[in-house]
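Colleague: What follows is entry39.cif, made up of mmCIF, C-alpha atoms and all ligand atoms:
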data_run
loop_
_atom_site.label_atom_id
_atom_site.label_comp_id
_atom_site.auth_asym_id
_atom_site.auth_seq_id
_atom_site.Cartn_x
_atom_site.Cartn_y
_atom_site.Cartn_z
CA MET A 1 -22.70 130.04 172.61
CA THR A 2 -26.03 130.55 170.93
CA THR A 3 -26.78 129.84 167.26
CA LYS A 4 -27.53 132.50 164.64
CA GLU A 5 -31.16 131.38 164.41
CA GLN A 6 -31.63 131.51 168.19
CA LEU A 7 -30.11 135.01 168.29
CA ALA A 8 -32.44 136.21 165.51
CA GLU A 9 -35.41 134.88 167.48
CA ILE A 10 -34.21 136.57 170.71
CA ARG A 11 -33.71 139.83 168.78
CA ASP A 12 -37.27 139.73 167.40
CA ARG A 13 -38.76 139.06 170.82
CA TYR A 14 -36.64 141.84 172.28
CA VAL A 15 -37.82 144.30 169.59
CA ASP A 16 -41.44 143.35 170.40
CA ALA A 17 -40.79 144.05 174.10
CA LEU A 18 -39.26 147.44 173.20
CA SER A 19 -42.16 148.37 170.90
CA ASP A 20 -44.59 147.34 173.65
CA ALA A 21 -42.65 149.60 176.06
CA ASP A 22 -42.28 146.61 178.39
CA PRO A 23 -38.97 146.76 180.32
CA ASP A 24 -39.80 143.69 182.42
CA ALA A 25 -40.31 141.54 179.34
CA ALA A 26 -37.10 142.94 177.78
CA ARG A 27 -35.14 142.13 180.95
CA ALA A 28 -36.56 138.60 181.09
CA ILE A 29 -35.65 137.93 177.45
CA ILE A 30 -32.04 139.08 177.89
CA GLN A 31 -31.65 137.30 181.25
CA ASP A 32 -32.92 134.12 179.64
CA ALA A 33 -30.42 134.51 176.80
CA ILE A 34 -27.57 134.99 179.31
CA ASP A 35 -28.71 131.95 181.31
CA ASN A 36 -28.76 129.90 178.11
CA GLY A 37 -25.16 130.71 177.26
CA ALA A 38 -25.38 133.74 174.93
CA THR A 39 -22.08 135.63 175.20
CA THR A 40 -21.78 139.38 175.74
CA PRO A 41 -20.60 140.08 172.15
CA GLN A 42 -23.51 137.96 170.87
CA ILE A 43 -26.05 139.91 172.91
CA TYR A 44 -24.51 143.27 172.05
CA LEU A 45 -23.91 142.70 168.36
CA SER A 46 -26.67 140.29 167.35
CA VAL A 47 -29.51 141.36 169.64
CA LEU A 48 -29.21 144.89 171.07
CA THR A 49 -27.56 146.61 168.07
CA PRO A 50 -29.99 145.36 165.39
CA ALA A 51 -32.89 145.92 167.80
CA GLN A 52 -31.91 149.58 168.19
CA VAL A 53 -31.67 149.95 164.41
CA LYS A 54 -35.10 148.34 164.04
CA ILE A 55 -36.53 150.74 166.64
CA GLY A 56 -35.10 153.58 164.55
CA GLU A 57 -36.92 152.21 161.49
CA LEU A 58 -40.22 151.88 163.39
CA TRP A 59 -39.86 155.46 164.57
CA HIS A 60 -39.04 156.61 161.02
CA ARG A 61 -42.21 154.91 159.72
CA GLY A 62 -44.28 156.48 162.48
CA THR A 63 -45.13 153.08 164.00
CA ILE A 64 -43.76 154.31 167.32
CA ASN A 65 -43.35 157.92 168.46
CA SER A 66 -40.26 159.70 169.83
CA ALA A 67 -41.20 159.04 173.44
CA GLN A 68 -41.44 155.29 172.77
CA GLU A 69 -38.10 155.44 170.96
CA HIS A 70 -36.52 157.19 173.98
CA LEU A 71 -37.94 154.55 176.31
CA ALA A 72 -36.57 151.79 174.06
CA THR A 73 -33.10 153.35 174.26
CA ALA A 74 -33.39 153.69 178.05
CA ILE A 75 -34.33 149.99 178.30
CA THR A 76 -31.36 149.00 176.14
CA MET A 77 -29.10 151.01 178.47
CA GLN A 78 -30.47 148.96 181.39
CA MET A 79 -29.66 145.78 179.45
CA LEU A 80 -26.05 146.93 179.09
CA ASP A 81 -25.83 147.42 182.87
CA MET A 82 -27.34 143.99 183.44
CA GLN A 83 -24.95 142.35 181.00
CA ARG A 84 -21.93 144.08 182.50
CA GLN A 85 -22.87 142.87 185.97
CA ALA A 86 -23.34 139.31 184.74
CA ALA A 87 -20.06 139.19 182.83
CA LYS A 88 -16.81 137.97 184.32
CA PRO A 89 -13.96 140.30 183.21
CA ARG A 90 -10.54 138.86 182.47
CA PRO A 91 -7.74 139.60 184.92
CA PRO A 92 -6.42 143.19 184.52
CA ARG A 93 -4.02 143.77 181.66
CA GLY A 94 -2.67 147.08 182.96
CA LEU A 95 -4.08 148.96 179.96
CA ARG A 96 -6.25 152.07 180.14
CA ALA A 97 -8.70 153.34 177.53
CA LEU A 98 -10.86 156.40 177.31
CA VAL A 99 -13.98 155.81 175.22
CA THR A 100 -16.17 158.73 174.24
CA PRO A 101 -18.44 160.01 171.51
CA VAL A 102 -16.93 163.01 169.73
CA GLU A 103 -18.14 166.47 170.62
CA GLY A 104 -21.66 167.14 169.28
CA GLU A 105 -22.56 163.48 169.02
CA ALA A 106 -25.64 162.44 171.02
CA HIS A 107 -25.51 158.71 170.19
CA PHE A 108 -23.51 156.87 172.80
CA ILE A 109 -24.81 153.30 173.04
CA GLY A 110 -22.25 151.94 170.56
CA ALA A 111 -19.42 153.67 172.45
CA ARG A 112 -20.68 152.20 175.69
CA MET A 113 -20.75 148.72 174.11
CA PHE A 114 -17.14 149.06 173.02
CA ALA A 115 -16.21 150.34 176.51
CA ASP A 116 -17.88 147.26 178.05
CA LEU A 117 -16.12 144.85 175.68
CA LEU A 118 -12.80 146.41 176.73
CA VAL A 119 -13.68 146.11 180.44
CA MET A 120 -14.46 142.43 179.88
CA ASP A 121 -11.15 142.09 178.08
CA GLY A 122 -9.32 143.27 181.22
CA TRP A 123 -8.86 146.98 180.45
CA ASP A 124 -9.41 149.88 182.83
CA VAL A 125 -11.88 152.08 180.99
CA ASP A 126 -13.02 155.65 181.44
CA PHE A 127 -16.30 156.00 179.57
CA PHE A 128 -17.86 159.37 178.81
CA TRP A 129 -21.48 159.21 177.64
CA MET A 130 -21.19 162.62 176.01
CA GLY A 131 -18.51 164.29 173.92
CA SER A 132 -16.40 166.90 175.75
CA PRO A 133 -15.11 170.14 174.23
CA ILE A 134 -11.90 169.18 172.41
CA GLN A 135 -9.59 171.31 174.61
CA ASP A 136 -11.00 169.73 177.78
CA LEU A 137 -10.55 166.26 176.34
CA ILE A 138 -6.91 166.96 175.46
CA GLN A 139 -6.25 168.34 178.95
CA TYR A 140 -7.83 165.28 180.51
CA ILE A 141 -5.65 162.95 178.43
CA GLN A 142 -2.52 164.87 179.41
CA GLY A 143 -3.32 164.43 183.10
CA ARG A 144 -3.90 160.70 182.94
CA ARG A 145 -1.99 157.86 181.27
CA VAL A 146 -4.31 156.72 178.48
CA ASP A 147 -3.10 153.97 176.14
CA LEU A 148 -6.09 154.06 173.82
CA LEU A 149 -8.63 156.70 172.90
CA GLY A 150 -11.79 155.13 171.42
CA LEU A 151 -13.82 157.73 169.54
CA SER A 152 -17.37 157.11 168.40
CA THR A 153 -19.08 158.94 165.55
CA THR A 154 -22.57 158.17 164.30
CA MET A 155 -23.32 161.33 162.33
CA PRO A 156 -20.92 161.96 159.43
CA GLU A 157 -21.00 165.71 160.12
CA TYR A 158 -19.13 165.17 163.41
CA MET A 159 -16.28 163.34 161.72
CA ALA A 160 -14.44 166.65 161.52
CA ASN A 161 -14.33 166.69 165.34
CA ALA A 162 -12.68 163.28 165.36
CA ARG A 163 -10.06 164.61 162.94
CA GLU A 164 -9.47 167.68 165.08
CA ILE A 165 -8.98 165.58 168.24
CA ALA A 166 -6.54 163.32 166.38
CA SER A 167 -4.63 166.27 165.05
CA GLN A 168 -4.27 167.88 168.49
CA ILE A 169 -3.21 164.57 170.06
CA SER A 170 -0.52 164.11 167.42
CA GLU A 171 1.06 167.32 168.73
CA LEU A 172 1.27 166.10 172.34
CA PRO A 173 4.65 164.93 173.64
CA PRO A 174 4.90 161.11 173.83
CA PRO A 175 3.60 158.82 175.17
CA ARG A 176 0.44 159.62 173.22
CA PRO A 177 -2.65 157.41 173.18
CA LYS A 178 -3.42 155.45 170.05
CA ILE A 179 -6.70 156.47 168.44
CA LEU A 180 -9.33 153.96 167.38
CA LEU A 181 -12.38 155.26 165.56
CA GLY A 182 -15.73 153.48 165.38
CA GLY A 183 -19.46 154.08 165.07
CA ALA A 184 -22.09 154.05 162.36
CA ALA A 185 -20.40 156.88 160.41
CA VAL A 186 -17.31 154.74 159.70
CA ARG A 187 -19.35 152.02 158.01
CA ASP A 188 -18.89 154.13 154.93
CA LEU A 189 -15.12 154.46 154.87
CA THR A 190 -15.30 157.33 152.39
CA ASN A 191 -16.36 159.42 155.42
CA VAL A 192 -13.04 158.70 157.11
CA ASP A 193 -9.85 160.66 156.75
CA MET A 194 -7.27 158.32 158.28
CA HIS A 195 -4.77 161.10 158.81
CA GLU A 196 -3.47 160.79 162.40
CA ILE A 197 -6.07 158.14 163.25
CA ASP A 198 -4.40 154.82 164.11
CA GLY A 199 -7.27 152.44 163.40
CA VAL A 200 -10.87 152.22 162.24
CA VAL A 201 -13.18 149.49 163.48
CA THR A 202 -15.90 148.14 161.25
CA ASN A 203 -16.24 144.75 162.96
CA VAL A 204 -16.76 145.38 166.67
CA ALA A 205 -16.41 141.68 167.49
CA GLU A 206 -12.71 142.14 166.67
CA ALA A 207 -12.35 145.56 168.30
CA ALA A 208 -10.80 144.46 171.60
CA ASN A 209 -8.15 142.41 169.74
CA GLN A 210 -7.50 145.31 167.40
CA ALA A 211 -7.13 147.64 170.39
CA ARG A 212 -4.53 145.40 172.04
CA VAL A 213 -2.53 145.10 168.81
CA LEU A 214 -2.68 148.85 168.32
CA VAL A 215 -1.17 149.63 171.72
CA GLY A 216 1.50 146.94 171.20
CA TYR A 217 0.28 144.63 173.97
CA THR A 218 1.70 141.14 173.81
CA GLU A 219 0.43 138.34 175.90
CA GLU A 220 2.63 135.78 177.60
CA SER A 221 1.66 132.16 176.90
CA PRO A 222 -0.16 130.61 179.83
CA THR A 223 1.59 127.88 181.86
CA LEU A 224 0.37 124.31 181.37
CA ASP A 225 -1.47 124.43 184.73
CA GLN A 226 -3.25 127.69 183.80
CA LEU A 227 -4.18 126.28 180.39
CA LEU A 228 -5.64 123.10 181.90
CA VAL A 229 -7.73 125.17 184.34
CA THR A 230 -9.01 127.33 181.44
CA ILE A 231 -9.91 124.24 179.39
CA GLY A 232 -11.64 122.71 182.41
CA GLN A 233 -13.72 125.83 183.03
CA ASN A 234 -14.67 126.06 179.37
CA VAL A 235 -15.72 122.40 179.24
CA ARG A 236 -17.87 122.82 182.37
CA THR A 237 -19.47 126.02 181.03
CA ALA A 238 -20.26 124.45 177.64
CA ARG A 239 -21.53 121.24 179.27
CA THR A 240 -23.93 123.08 181.59
CA ALA A 241 -25.04 125.35 178.73
CA ASN A 242 -25.89 122.13 176.84
CA LYS A 243 -27.73 120.86 179.96
CA LEU A 244 -25.60 117.70 180.04
CA THR A 245 -24.44 115.79 183.10
CA GLN A 246 -20.82 114.60 183.28
CA LYS A 247 -22.16 111.08 182.70
CA GLN A 248 -23.98 112.14 179.51
CA LEU A 249 -20.88 113.95 178.25
CA SER A 250 -18.81 110.87 179.03
CA GLU A 251 -21.21 108.74 176.98
CA SER A 252 -21.38 111.07 173.98
CA SER A 253 -17.61 111.65 173.88
CA GLY A 254 -16.67 108.02 174.59
CA LEU A 255 -14.41 109.12 177.48
CA ASP A 256 -14.51 107.90 181.05
CA ARG A 257 -16.63 109.97 183.49
CA THR A 258 -13.67 110.24 185.92
CA TYR A 259 -11.58 111.58 183.03
CA ILE A 260 -14.24 114.27 182.32
CA SER A 261 -14.31 115.19 186.00
CA LEU A 262 -10.50 115.55 186.12
CA VAL A 263 -10.59 117.67 182.94
CA GLU A 264 -13.21 120.00 184.46
CA HIS A 265 -11.05 120.40 187.56
CA GLY A 266 -8.00 121.29 185.44
CA LYS A 267 -6.21 118.17 186.66
CA GLN A 268 -6.02 116.20 183.42
CA ASN A 269 -3.28 116.81 180.85
CA LEU A 270 -5.59 115.77 178.02
CA THR A 271 -4.57 114.74 174.51
CA ILE A 272 -5.64 116.66 171.40
CA GLY A 273 -7.71 113.63 170.41
CA ALA A 274 -9.61 113.73 173.71
CA MET A 275 -10.15 117.47 173.36
CA LEU A 276 -11.60 116.96 169.89
CA LYS A 277 -14.00 114.29 171.19
CA ILE A 278 -15.16 116.62 173.98
CA ALA A 279 -15.50 119.60 171.63
CA ASP A 280 -17.55 117.48 169.16
CA ALA A 281 -19.78 116.15 171.94
CA LEU A 282 -20.37 119.70 173.17
CA ASN A 283 -20.86 121.00 169.62
CA VAL A 284 -18.27 123.79 170.02
CA PRO A 285 -15.15 124.53 167.94
CA ILE A 286 -12.05 123.15 169.70
CA ASN A 287 -10.58 126.69 169.81
CA ASN A 288 -13.35 127.80 172.15
CA LEU A 289 -12.05 125.40 174.78
CA LEU A 290 -8.53 126.86 174.77
CA HIS A 291 -9.12 130.52 175.48
CA ALA A 292 -10.18 132.29 178.65
CA ASP A 293 -13.34 134.41 178.10
C1 LIG B 1 -31.37 155.86 169.67
C2 LIG B 1 -31.14 156.88 168.59
C3 LIG B 1 -31.03 158.21 168.99
C4 LIG B 1 -31.00 158.63 170.44
C5 LIG B 1 -29.59 158.38 170.98
C6 LIG B 1 -29.60 157.92 172.40
C7 LIG B 1 -28.24 157.53 172.89
N1 LIG B 1 -28.05 157.88 174.11
O1 LIG B 1 -27.40 156.97 172.21
C8 LIG B 1 -31.35 160.14 170.35
C9 LIG B 1 -32.84 160.28 170.48
C10 LIG B 1 -30.67 161.07 171.33
C11 LIG B 1 -30.98 160.43 168.89
C12 LIG B 1 -30.77 161.70 168.42
C13 LIG B 1 -30.58 162.00 167.07
N2 LIG B 1 -30.59 161.13 166.05
CO1 LIG B 1 -30.60 159.21 166.27
N3 LIG B 1 -30.87 157.38 166.26
C14 LIG B 1 -31.03 156.51 167.22
C15 LIG B 1 -31.19 155.09 166.63
C16 LIG B 1 -32.68 154.75 166.68
C17 LIG B 1 -30.40 154.00 167.31
C18 LIG B 1 -28.90 154.31 167.49
C19 LIG B 1 -28.30 153.19 168.26
O2 LIG B 1 -28.40 153.11 169.48
N4 LIG B 1 -27.73 152.20 167.53
C20 LIG B 1 -27.19 151.00 168.16
C21 LIG B 1 -25.70 151.15 168.37
C22 LIG B 1 -25.20 150.03 169.26
O3 LIG B 1 -25.08 151.06 167.10
P1 LIG B 1 -23.79 151.90 166.70
O4 LIG B 1 -23.87 153.23 167.34
O5 LIG B 1 -23.57 151.80 165.26
O6 LIG B 1 -22.61 151.13 167.46
C23 LIG B 1 -22.09 149.88 167.02
C24 LIG B 1 -20.84 150.05 166.19
O7 LIG B 1 -20.91 151.14 165.32
C25 LIG B 1 -19.74 150.14 167.24
N5 LIG B 1 -19.23 151.39 167.71
C26 LIG B 1 -19.89 152.53 167.96
N6 LIG B 1 -19.02 153.44 168.42
C27 LIG B 1 -17.81 152.89 168.49
C28 LIG B 1 -16.58 153.39 168.88
C29 LIG B 1 -15.47 152.59 168.84
C30 LIG B 1 -14.14 153.14 169.24
C31 LIG B 1 -15.58 151.24 168.39
C32 LIG B 1 -14.42 150.38 168.34
C33 LIG B 1 -16.82 150.75 167.98
C34 LIG B 1 -17.92 151.57 168.05
O8 LIG B 1 -20.25 149.50 168.39
C35 LIG B 1 -21.60 149.17 168.27
C36 LIG B 1 -21.64 147.69 168.27
O9 LIG B 1 -22.68 147.12 167.65
C37 LIG B 1 -30.64 155.30 165.18
C38 LIG B 1 -31.23 154.34 164.18
C39 LIG B 1 -30.16 153.53 163.48
N7 LIG B 1 -30.43 153.10 162.28
O10 LIG B 1 -29.09 153.31 164.01
C40 LIG B 1 -30.92 156.79 164.94
C41 LIG B 1 -30.01 157.58 164.01
C42 LIG B 1 -28.56 157.19 164.25
N8 LIG B 1 -30.25 158.95 164.44
C43 LIG B 1 -30.29 159.81 163.46
C44 LIG B 1 -30.54 161.19 163.60
C45 LIG B 1 -30.70 161.98 162.31
C46 LIG B 1 -30.64 161.80 164.85
C47 LIG B 1 -30.88 163.27 165.16
C48 LIG B 1 -30.20 164.28 164.24
C49 LIG B 1 -32.40 163.46 165.18
C50 LIG B 1 -32.87 164.88 165.29
N9 LIG B 1 -33.44 165.31 164.21
O11 LIG B 1 -32.68 165.48 166.32
C51 LIG B 1 -30.35 163.39 166.59
C52 LIG B 1 -28.82 163.62 166.59
C53 LIG B 1 -28.34 164.45 167.66
C54 LIG B 1 -26.83 164.51 167.67
N10 LIG B 1 -26.31 165.68 167.85
O12 LIG B 1 -26.14 163.51 167.54
C55 LIG B 1 -30.02 159.13 162.13
C56 LIG B 1 -28.59 159.38 161.65
C57 LIG B 1 -28.55 159.62 160.15
C58 LIG B 1 -27.14 159.93 159.71
N11 LIG B 1 -26.40 158.89 159.31
O13 LIG B 1 -26.74 161.03 159.72
C59 LIG B 1 -30.37 157.65 162.48
C60 LIG B 1 -29.61 156.60 161.64
C61 LIG B 1 -31.90 157.50 162.29
C62 LIG B 1 -32.34 157.65 160.84
N12 LIG B 1 -32.52 156.57 160.13
O14 LIG B 1 -32.50 158.75 160.39
N13 LIG B 1 -30.92 159.29 168.16
#
Would you encode the structure as structure tokens?

Modeller:
Amino acid sequence: MTTKEQLAEIRDRYVDALSDADPDAARAIIQDAIDNGATTPQIYLSVLTPAQVKIGELWHRGTINSAQEHLATAITMQMLDMQRQAAKPRPPRGLRALVTPVEGEAHFIGARMFADLLVMDGWDVDFFWMGSPIQDLIQYIQGRRVDLLGLSTTMPEYMANAREIASQISELPPPRPKILLGGAAVRDLTNVDMHEIDGVVTNVAEAANQARVLVGYTEESPTLDQLLVTIGQNVRTARTANKLTQKQLSESSGLDRTYISLVEHGKQNLTIGAMLKIADALNVPINNLLHAD
């Protein structure tokens, strides 16, 4: 995990690299952030998204021209590929989503981010970078089991297309996909007619959870052995991100080094008290140690 201040600094450096049309510098900044423990949602939501908005402002003010803006977007697309390759998806959940901008919509980076977050959450995802004619989209959905349709709308004038898709899907025989709507246009909820749309996402950090709830997915509790392995992996990841040795963690948590080693190998049924000491020493909330990425 990376702090808010660190993320703001990474974002500013990344914007500078984009304005300088320097893909190598941009790549190095994002790689460095990944190496230093920034998570995918952090990079997507706190670095790449605000950087794209900033690039839009610079273009609006005439500080950069359209060609530079296009290059900036192309670089950000490369960063998404890099991030997806670096990320470790969860085991498959057996859920399939189709994520697409609505017909007419040319902005697709946000849709692609949501698609990636679902992939990392263990979904199978079909991602279309461009909206399809509504009839073709409906036909596609009929020929393939799709649990969730994620629609992205940036320009309010294309909201009508989202409504039309939802209305045609509601007429399909079950099982029908649930529809989740996101994108810059939904930030102003007065743009949204919820009729036949199952959910609207304004906080993308929560979107994968919301998607699972929407399709009625329930997770079985992990076994004790699985949970201990997850805790162990999380402790090791947080320790290395903090550049601590096992000995240093043992000293700052007041626990034996052998104990820390057993925890990291998933072999120690640790007490809540010990977990709290480790979480404090690593400066992470205790919850972060319990969940698989
Ligand atoms: C890059 C860009 C373009 C690129 C798009 C490239 C691409 N492949 O995506 C190009 C050059 C093609 C483009 C074209 C146009 N653009 Co433009 N563009 C931008 C810019 C600079 C950045 C957009 C972006 O990448 N944002 C970053 C992404 C990550 O943010 P996001 O889309 O909101 O997504 C986040 C969430 O909303 C969410 N999300 C998104 N979708 C979904 C879906 C689901 C299901 C979920 C759960 C979540 C989710 O996930 C993301 C997480 O952070 C913005 C500036 C700005 N202020 O945003 C203007 C902007 C969006 N564009 C604008 C305009 C006007 C246009 C054009 C009409 C320009 C023109 N005159 O031709 C055309 C539109 C063409 C069309 N038919 O759509 C306006 C829109 C104004 C409005 N509200 O109507 C903006 C705001 C610029 C401005 N200030 O005027 N644009």

Colleague: For ligand LIG 1 (chain B), collect every residue having any atom at a distance of at most 6 Å from a ligand atom (counting all atoms listed in the file); output as a short mmCIF file (atom, residue, chain, number, x, y, z; two decimals) with C-alpha atoms, in the coordinates of the input.

Modeller:
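Saved file result_8.cif follows:
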data_model
loop_
_atom_site.label_atom_id
_atom_site.label_comp_id
_atom_site.auth_asym_id
_atom_site.auth_seq_id
_atom_site.Cartn_x
_atom_site.Cartn_y
_atom_site.Cartn_z
CA LEU A 45 -23.91 142.70 168.36
CA THR A 49 -27.56 146.61 168.07
CA GLN A 52 -31.91 149.58 168.19
CA VAL A 53 -31.67 149.95 164.41
CA ILE A 55 -36.53 150.74 166.64
CA GLY A 56 -35.10 153.58 164.55
CA HIS A 70 -36.52 157.19 173.98
CA THR A 73 -33.10 153.35 174.26
CA GLY A 104 -21.66 167.14 169.28
CA GLU A 105 -22.56 163.48 169.02
CA ALA A 106 -25.64 162.44 171.02
CA HIS A 107 -25.51 158.71 170.19
CA PHE A 108 -23.51 156.87 172.80
CA ILE A 109 -24.81 153.30 173.04
CA GLY A 110 -22.25 151.94 170.56
CA ALA A 111 -19.42 153.67 172.45
CA MET A 113 -20.75 148.72 174.11
CA PHE A 114 -17.14 149.06 173.02
CA GLY A 150 -11.79 155.13 171.42
CA LEU A 151 -13.82 157.73 169.54
CA SER A 152 -17.37 157.11 168.40
CA THR A 154 -22.57 158.17 164.30
CA MET A 155 -23.32 161.33 162.33
CA PRO A 156 -20.92 161.96 159.43
CA LEU A 180 -9.33 153.96 167.38
CA LEU A 181 -12.38 155.26 165.56
CA GLY A 182 -15.73 153.48 165.38
CA GLY A 183 -19.46 154.08 165.07
CA ALA A 184 -22.09 154.05 162.36
CA VAL A 201 -13.18 149.49 163.48
CA VAL A 204 -16.76 145.38 166.67
CA ALA A 207 -12.35 145.56 168.30
#

Colleague: Rounded to one decimal, what separation in Å do you get between CA of Asn269 (chain A) and CA of Lys247 (chain A)?

Modeller: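 According to the coordinates, CA of Asn269 (chain A) and CA of Lys247 (chain A) are separated by 19.8 Å.
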
Colleague: So which one's closest to Arg93 (chain A), A:Val47, A:Ala185, A:Met120, A:Ile10? Using all atoms listed in the file, please.

Modeller: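 Looking only at the distances to Arg93 (chain A), the closest residue turns out to be A:Met120.
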
Colleague: With all atoms listed in the file as the atoms that count, which of A:His265, A:Arg90, A:Arg13, A:Arg176 lies nearest to Glu196 (chain A)?

Modeller: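 Of A:His265, A:Arg90, A:Arg13, A:Arg176, the one nearest Glu196 (chain A), counting all atoms listed in the file, is A:Arg176.
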
Colleague: Here is a test: counting only C-alpha atoms, which residue of A:Arg61, A:Lys4, A:Arg187, A:Arg212 is nearest to Gly94 (chain A)?

Modeller: A:Arg212

Colleague: Between A:Leu18, A:Leu58, A:Val125, A:Ala87, which is the closest to Ala72 (chain A) once you count all atoms listed in the file?

Modeller: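 Looking only at the distances to Ala72 (chain A), the closest residue turns out to be A:Leu18.
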
Colleague: Which distance in Å separates CA of His195 (chain A) and CA of Ala166 (chain A), to one decimal?

Modeller: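 Separating CA of His195 (chain A) from CA of Ala166 (chain A) is a distance of 8.1 Å.
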
Colleague: Counting only C-alpha atoms, which of A:Gln246, A:Ser132, A:Ser66, A:Gln233 gets nearest to Leu290 (chain A)?

Modeller: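 Distance minimum relative to Leu290 (chain A) lands on A:Gln233.
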
Colleague: When distances are computed from only C-alpha atoms, which of A:Asp280, A:Glu103, A:Ile75, A:Asn36 shows the smallest separation from Asp24 (chain A)?

Modeller: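 Of A:Asp280, A:Glu103, A:Ile75, A:Asn36, the one nearest Asp24 (chain A) is A:Ile75, counting only C-alpha atoms.
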
Colleague: Mind pulling up the distance from CA of Tyr14 (chain A) to CA of Ile29 (chain A)?

Modeller: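 Distance reported for this atom pair: 6.6 Å.
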
Colleague: Extract, using all atoms listed in the file, all DNA, RNA and protein residues at most 7 Å from region 221-232 of chain A, discarding same-chain residues fewer than 3 positions from it, and format them as a list in words.

Modeller: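 In the requested form, the answer reads Val235, Arg236, Val263, Glu264, His265, Gly266, Lys267, Asn269, Leu289, Leu290, His291 and Ala292 of chain A.
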
Colleague: Can you tell me, as a list of chain:residue names, what residues are no more than 8 Å from Trp123 (chain A) when counting all atoms listed in the file, ignoring any on the same chain fewer than 5 positions away?

Modeller: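 Returned residues: A:Pro92, A:Arg93, A:Gly94, A:Leu95, A:Arg96, A:Ala97, A:Leu118.
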
Colleague: Would you put the residues from that selection into a file with C-alpha atoms, as a PDB file, in the frame of the given file?

Modeller:
ATOM      1  CA  PRO A  92      -6.420 143.190 184.520  1.00  0.00           C
ATOM      2  CA  ARG A  93      -4.020 143.770 181.660  1.00  0.00           C
ATOM      3  CA  GLY A  94      -2.670 147.080 182.960  1.00  0.00           C
ATOM      4  CA  LEU A  95      -4.080 148.960 179.960  1.00  0.00           C
ATOM      5  CA  ARG A  96      -6.250 152.070 180.140  1.00  0.00           C
ATOM      6  CA  ALA A  97      -8.700 153.340 177.530  1.00  0.00           C
ATOM      7  CA  LEU A 118     -12.800 146.410 176.730  1.00  0.00           C
TER       8      LEU A 118
END

Colleague: Could you name the residues that touch Ile179 (chain A) at 10 Å or less, counting all atoms listed in the file, but leaving out those on the same chain fewer than 4 positions away, as a list in words?

Modeller: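 What passes the distance filter is Ala97, Leu98, Val99, Asp147, Leu148, Leu149, Gly150, Leu151, Ala162, Ile165, Ala166, Ile169, Ser170, Glu196, Ile197, Asp198, Gly199, Val200, Ala211, Leu214 and Val215 of chain A.
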
Colleague: Counting all atoms listed in the file, what is within 10 Å of Gln168 (chain A), bar same-chain residues fewer than 5 positions away, as a count of residues only?

Modeller: 5

Colleague: For Lys54 (chain A), please output as a CSV table (one decimal) with C-alpha atoms, in the frame of the given file all residues within 10 Å (counting all atoms listed in the file; exclusion window: fewer than 6 positions along the same chain).

Modeller:
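Resulting contents of out-v4.csv:
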chain,number,residue,atom,x,y,z
A,11,ARG,CA,-33.7,139.8,168.8
A,12,ASP,CA,-37.3,139.7,167.4
A,15,VAL,CA,-37.8,144.3,169.6
A,19,SER,CA,-42.2,148.4,170.9
A,48,LEU,CA,-29.2,144.9,171.1
A,60,HIS,CA,-39.0,156.6,161.0
